[in-house]
Amino acid sequence: MEGVVRSISKQVYGKGPRDIHSICQGNVYVIHCFGVLSPLEARLADQGGDGRDTLARVRQKIFAEEREMITQELEAKDIVVETILQDFCCVKDERILVIVTKE
């Protein structure tokens, strides 16, 4: 899972996470990514309110594409995805993905 998330993050955002930690409990994978912001995104995040809001909106729109790419990559490995959720914190420069697969 970590390799798929790292690879697709590089494709979608132009930069992969600096570090990734994951936990698997049955068919639920929690992937915690650190150092996810590009230099431009970090500047937006440092601007505060409007910059952070813009960054959050853009990241949310891009995530729809990323979700589809992750699903396709995993299904190519015979892993059926039920859902992928994410939360993103530009202040801490991290995000969490939750991937639920069919058992």
# chains A, B, ... in the order shown; residues from 1 in each chain; ligands from 1

call {"tool": "residues_around", "arguments": {"residues": "Arg18 of chain A", "least_positions_apart": "5", "cutoff": "7 Å", "atoms": "only C-alpha atoms", "output": "PyMOL selection string"}}
result
chain A and resi 34-36

call {"tool": "write_last_selection", "arguments": {"atoms": "C-alpha atoms", "output": "PDB file, in the first residue's frame"}}
result
ATOM      1  CA  PHE A  34       4.468  13.213   6.288  1.00  0.00           C
ATOM      2  CA  GLY A  35       6.113  15.982   4.251  1.00  0.00           C
ATOM      3  CA  VAL A  36       3.517  16.044   1.491  1.00  0.00           C
TER       4      VAL A  36
END

call {"tool": "residues_around", "arguments": {"residues": "Pro39 of chain A", "least_positions_apart": "4", "cutoff": "12 Å", "atoms": "only C-alpha atoms", "output": "PDB file with N, CA and C atoms, in the first residue's frame"}}
result
ATOM      1  N   TYR A  13       1.060  14.900  -7.682  1.00  0.00           N
ATOM      2  CA  TYR A  13       1.477  16.160  -7.071  1.00  0.00           C
ATOM      3  C   TYR A  13       2.879  16.595  -7.479  1.00  0.00           C
ATOM      4  N   GLY A  14       3.606  15.725  -8.172  1.00  0.00           N
ATOM      5  CA  GLY A  14       4.970  16.068  -8.568  1.00  0.00           C
ATOM      6  C   GLY A  14       5.975  15.844  -7.450  1.00  0.00           C
ATOM      7  N   LYS A  15       5.512  15.326  -6.318  1.00  0.00           N
ATOM      8  CA  LYS A  15       6.372  15.103  -5.155  1.00  0.00           C
ATOM      9  C   LYS A  15       5.713  14.045  -4.283  1.00  0.00           C
ATOM     10  N   GLY A  35       5.325  15.239   5.235  1.00  0.00           N
ATOM     11  CA  GLY A  35       6.113  15.982   4.251  1.00  0.00           C
ATOM     12  C   GLY A  35       5.507  15.899   2.859  1.00  0.00           C
ATOM     13  N   ARG A  43       4.186  27.530   0.671  1.00  0.00           N
ATOM     14  CA  ARG A  43       4.042  28.994   0.696  1.00  0.00           C
ATOM     15  C   ARG A  43       2.582  29.385   0.858  1.00  0.00           C
ATOM     16  N   LEU A  44       1.685  28.692   0.165  1.00  0.00           N
ATOM     17  CA  LEU A  44       0.257  28.972   0.327  1.00  0.00           C
ATOM     18  C   LEU A  44      -0.186  28.700   1.764  1.00  0.00           C
ATOM     19  N   ALA A  45       0.260  27.597   2.320  1.00  0.00           N
ATOM     20  CA  ALA A  45      -0.111  27.235   3.687  1.00  0.00           C
ATOM     21  C   ALA A  45       0.386  28.283   4.689  1.00  0.00           C
ATOM     22  N   ASP A  46       1.569  28.834   4.434  1.00  0.00           N
ATOM     23  CA  ASP A  46       2.135  29.848   5.331  1.00  0.00           C
ATOM     24  C   ASP A  46       1.372  31.170   5.293  1.00  0.00           C
ATOM     25  N   CYS A  90      -2.562  21.074   6.228  1.00  0.00           N
ATOM     26  CA  CYS A  90      -1.460  21.827   5.630  1.00  0.00           C
ATOM     27  C   CYS A  90      -0.571  22.470   6.694  1.00  0.00           C
ATOM     28  N   ASP A  93       1.697  19.674   7.530  1.00  0.00           N
ATOM     29  CA  ASP A  93       2.292  19.089   6.321  1.00  0.00           C
ATOM     30  C   ASP A  93       2.180  17.568   6.345  1.00  0.00           C
TER      31      ASP A  93
END

call {"tool": "residues_around", "arguments": {"residues": "Leu97 of chain A", "least_positions_apart": "5", "cutoff": "9 Å", "atoms": "only C-alpha atoms", "output": "MDAnalysis selection string"}}
result
chainID A and resid 5 29:33 84:88

call {"tool": "write_last_selection", "arguments": {"atoms": "N, CA and C atoms", "output": "CSV table (one decimal), in the first residue's frame"}}
result
chain,number,residue,atom,x,y,z
A,5,VAL,N,0.8,4.3,-2.8
A,5,VAL,CA,0.5,5.7,-2.4
A,5,VAL,C,1.6,6.6,-2.8
A,29,TYR,N,-6.7,-0.2,5.9
A,29,TYR,CA,-5.4,0.3,5.9
A,29,TYR,C,-5.4,1.8,6.2
A,30,VAL,N,-4.6,2.2,7.2
A,30,VAL,CA,-4.5,3.6,7.5
A,30,VAL,C,-3.0,4.0,7.1
A,31,ILE,N,-2.9,4.9,6.2
A,31,ILE,CA,-1.6,5.4,5.7
A,31,ILE,C,-1.4,6.8,6.1
A,32,HIS,N,-0.4,7.1,6.9
A,32,HIS,CA,-0.1,8.4,7.4
A,32,HIS,C,1.2,8.9,6.7
A,33,CYS,N,1.0,10.0,5.9
A,33,CYS,CA,2.0,10.6,5.1
A,33,CYS,C,2.5,11.9,5.7
A,84,ILE,N,-11.9,4.8,-0.4
A,84,ILE,CA,-10.7,5.5,0.0
A,84,ILE,C,-11.1,6.9,0.5
A,85,LEU,N,-10.6,7.2,1.7
A,85,LEU,CA,-10.9,8.5,2.4
A,85,LEU,C,-9.6,9.1,2.7
A,86,GLN,N,-9.7,10.5,2.9
A,86,GLN,CA,-8.4,11.2,3.2
A,86,GLN,C,-8.8,12.4,4.1
A,87,ASP,N,-7.8,12.8,4.9
A,87,ASP,CA,-7.8,14.0,5.6
A,87,ASP,C,-6.4,14.6,5.4
A,88,PHE,N,-6.4,15.9,5.3
A,88,PHE,CA,-5.2,16.7,5.0
A,88,PHE,C,-5.0,17.8,5.9

call {"tool": "closest_residue", "arguments": {"among": "A:Gln72, A:Gln60, A:Gln47, A:Ser38", "to": "Lys10 of chain A", "atoms": "only C-alpha atoms"}}
result
A:Ser38

call {"tool": "closest_residue", "arguments": {"among": "A:Leu37, A:Val80, A:Gly16, A:Ile70", "to": "Lys92 of chain A", "atoms": "only C-alpha atoms"}}
result
A:Leu37

call {"tool": "select_by_dssp", "arguments": {"residues": "segment 11-56 of chain A", "states": "strand (DSSP E)", "output": "list of chain:residue names"}}
result
A:Asp19, A:Ile20, A:His21, A:Ser22, A:Ile23, A:Cys24, A:Gln25, A:Val28, A:Tyr29, A:Val30, A:Ile31, A:His32, A:Cys33, A:Phe34

call {"tool": "write_last_selection", "arguments": {"atoms": "C-alpha atoms", "output": "short mmCIF file (atom, residue, chain, number, x, y, z; two decimals), in the first residue's frame"}}
result
data_model
loop_
_atom_site.label_atom_id
_atom_site.label_comp_id
_atom_site.auth_asym_id
_atom_site.auth_seq_id
_atom_site.Cartn_x
_atom_site.Cartn_y
_atom_site.Cartn_z
CA ASP A 19 7.87 9.58 5.03
CA ILE A 20 4.98 7.11 5.25
CA HIS A 21 3.73 4.93 8.10
CA SER A 22 0.90 2.46 7.70
CA ILE A 23 -1.23 0.21 9.84
CA CYS A 24 -3.38 -2.66 8.62
CA GLN A 25 -6.29 -4.04 10.59
CA VAL A 28 -8.65 -1.47 6.62
CA TYR A 29 -5.36 0.28 5.85
CA VAL A 30 -4.45 3.59 7.51
CA ILE A 31 -1.61 5.37 5.72
CA HIS A 32 -0.07 8.41 7.43
CA CYS A 33 2.02 10.55 5.07
CA PHE A 34 4.47 13.21 6.29
#

call {"tool": "closest_residue", "arguments": {"among": "A:Glu82, A:Glu68, A:Glu41, A:Glu75", "to": "Glu103 of chain A", "atoms": "only C-alpha atoms"}}
result
A:Glu82

call {"tool": "select_by_dssp", "arguments": {"residues": "segment 10-78 of chain A", "states": "alpha helix (DSSP H)", "output": "MDAnalysis selection string"}}
result
chainID A and resid 10:13 39:46 49:76

call {"tool": "write_last_selection", "arguments": {"atoms": "N, CA and C atoms", "output": "tab-separated table (two decimals), in the first residue's frame"}}
result
chain	number	residue	atom	x	y	z
A	10	LYS	N	3.60	10.98	-6.29
A	10	LYS	CA	4.62	11.59	-7.14
A	10	LYS	C	4.04	11.96	-8.50
A	11	GLN	N	3.22	11.07	-9.06
A	11	GLN	CA	2.61	11.34	-10.35
A	11	GLN	C	1.64	12.52	-10.28
A	12	VAL	N	0.79	12.53	-9.26
A	12	VAL	CA	-0.28	13.52	-9.18
A	12	VAL	C	0.21	14.89	-8.70
A	13	TYR	N	1.06	14.90	-7.68
A	13	TYR	CA	1.48	16.16	-7.07
A	13	TYR	C	2.88	16.59	-7.48
A	39	PRO	N	6.97	22.95	-2.51
A	39	PRO	CA	7.36	24.28	-2.05
A	39	PRO	C	6.27	25.34	-2.27
A	40	LEU	N	5.59	25.29	-3.40
A	40	LEU	CA	4.52	26.25	-3.67
A	40	LEU	C	3.36	26.07	-2.69
A	41	GLU	N	2.99	24.82	-2.42
A	41	GLU	CA	1.91	24.56	-1.47
A	41	GLU	C	2.29	25.03	-0.06
A	42	ALA	N	3.55	24.84	0.31
A	42	ALA	CA	4.02	25.29	1.63
A	42	ALA	C	3.89	26.81	1.74
A	43	ARG	N	4.19	27.53	0.67
A	43	ARG	CA	4.04	28.99	0.70
A	43	ARG	C	2.58	29.38	0.86
A	44	LEU	N	1.69	28.69	0.16
A	44	LEU	CA	0.26	28.97	0.33
A	44	LEU	C	-0.19	28.70	1.76
A	45	ALA	N	0.26	27.60	2.32
A	45	ALA	CA	-0.11	27.24	3.69
A	45	ALA	C	0.39	28.28	4.69
A	46	ASP	N	1.57	28.83	4.43
A	46	ASP	CA	2.13	29.85	5.33
A	46	ASP	C	1.37	31.17	5.29
A	49	GLY	N	-5.25	31.93	6.36
A	49	GLY	CA	-6.64	31.71	5.95
A	49	GLY	C	-6.91	31.44	4.49
A	50	ASP	N	-6.80	32.48	3.64
A	50	ASP	CA	-7.13	32.32	2.22
A	50	ASP	C	-6.21	31.34	1.52
A	51	GLY	N	-4.93	31.40	1.82
A	51	GLY	CA	-3.98	30.48	1.21
A	51	GLY	C	-4.28	29.03	1.58
A	52	ARG	N	-4.59	28.80	2.83
A	52	ARG	CA	-4.92	27.44	3.29
A	52	ARG	C	-6.23	26.95	2.68
A	53	ASP	N	-7.20	27.85	2.58
A	53	ASP	CA	-8.48	27.47	1.98
A	53	ASP	C	-8.29	27.09	0.51
A	54	THR	N	-7.52	27.88	-0.20
A	54	THR	CA	-7.23	27.59	-1.61
A	54	THR	C	-6.53	26.26	-1.74
A	55	LEU	N	-5.53	26.04	-0.91
A	55	LEU	CA	-4.78	24.79	-0.95
A	55	LEU	C	-5.69	23.60	-0.66
A	56	ALA	N	-6.56	23.71	0.32
A	56	ALA	CA	-7.47	22.62	0.68
A	56	ALA	C	-8.43	22.32	-0.48
A	57	ARG	N	-8.97	23.36	-1.13
A	57	ARG	CA	-9.88	23.15	-2.26
A	57	ARG	C	-9.18	22.46	-3.43
A	58	VAL	N	-7.98	22.93	-3.75
A	58	VAL	CA	-7.23	22.34	-4.86
A	58	VAL	C	-6.88	20.89	-4.56
A	59	ARG	N	-6.39	20.63	-3.37
A	59	ARG	CA	-6.03	19.26	-2.98
A	59	ARG	C	-7.25	18.34	-3.02
A	60	GLN	N	-8.40	18.83	-2.60
A	60	GLN	CA	-9.60	18.01	-2.60
A	60	GLN	C	-10.01	17.65	-4.03
A	61	LYS	N	-9.92	18.60	-4.94
A	61	LYS	CA	-10.26	18.32	-6.35
A	61	LYS	C	-9.29	17.31	-6.95
A	62	ILE	N	-8.01	17.48	-6.66
A	62	ILE	CA	-7.00	16.56	-7.20
A	62	ILE	C	-7.16	15.17	-6.59
A	63	PHE	N	-7.61	15.11	-5.34
A	63	PHE	CA	-7.76	13.81	-4.68
A	63	PHE	C	-8.74	12.91	-5.41
A	64	ALA	N	-9.76	13.47	-6.05
A	64	ALA	CA	-10.72	12.66	-6.80
A	64	ALA	C	-9.99	11.87	-7.89
A	65	GLU	N	-9.05	12.51	-8.57
A	65	GLU	CA	-8.25	11.83	-9.59
A	65	GLU	C	-7.31	10.81	-8.95
A	66	GLU	N	-6.69	11.20	-7.86
A	66	GLU	CA	-5.76	10.31	-7.17
A	66	GLU	C	-6.48	9.05	-6.66
A	67	ARG	N	-7.68	9.23	-6.13
A	67	ARG	CA	-8.47	8.10	-5.62
A	67	ARG	C	-8.69	7.07	-6.73
A	68	GLU	N	-9.04	7.55	-7.92
A	68	GLU	CA	-9.26	6.65	-9.05
A	68	GLU	C	-7.97	5.93	-9.45
A	69	MET	N	-6.85	6.64	-9.43
A	69	MET	CA	-5.57	6.03	-9.79
A	69	MET	C	-5.17	4.96	-8.78
A	70	ILE	N	-5.36	5.23	-7.49
A	70	ILE	CA	-5.03	4.24	-6.46
A	70	ILE	C	-5.91	3.00	-6.63
A	71	THR	N	-7.19	3.22	-6.86
A	71	THR	CA	-8.12	2.10	-7.06
A	71	THR	C	-7.69	1.24	-8.23
A	72	GLN	N	-7.36	1.87	-9.36
A	72	GLN	CA	-6.94	1.11	-10.54
A	72	GLN	C	-5.65	0.33	-10.28
A	73	GLU	N	-4.70	0.96	-9.62
A	73	GLU	CA	-3.43	0.30	-9.32
A	73	GLU	C	-3.62	-0.91	-8.41
A	74	LEU	N	-4.45	-0.77	-7.40
A	74	LEU	CA	-4.69	-1.89	-6.49
A	74	LEU	C	-5.50	-2.99	-7.15
A	75	GLU	N	-6.47	-2.63	-7.95
A	75	GLU	CA	-7.27	-3.64	-8.64
A	75	GLU	C	-6.44	-4.40	-9.67
A	76	ALA	N	-5.41	-3.77	-10.22
A	76	ALA	CA	-4.48	-4.46	-11.11
A	76	ALA	C	-3.70	-5.54	-10.35

call {"tool": "atom_distance", "arguments": {"atom1": "atom CA of Thr83 of chain A", "atom2": "atom CA of Lys102 of chain A"}}
result
9.3 Å

call {"tool": "atom_distance", "arguments": {"atom1": "atom CA of Ile79 of chain A", "atom2": "atom CA of Glu94 of chain A"}}
result
25.6 Å
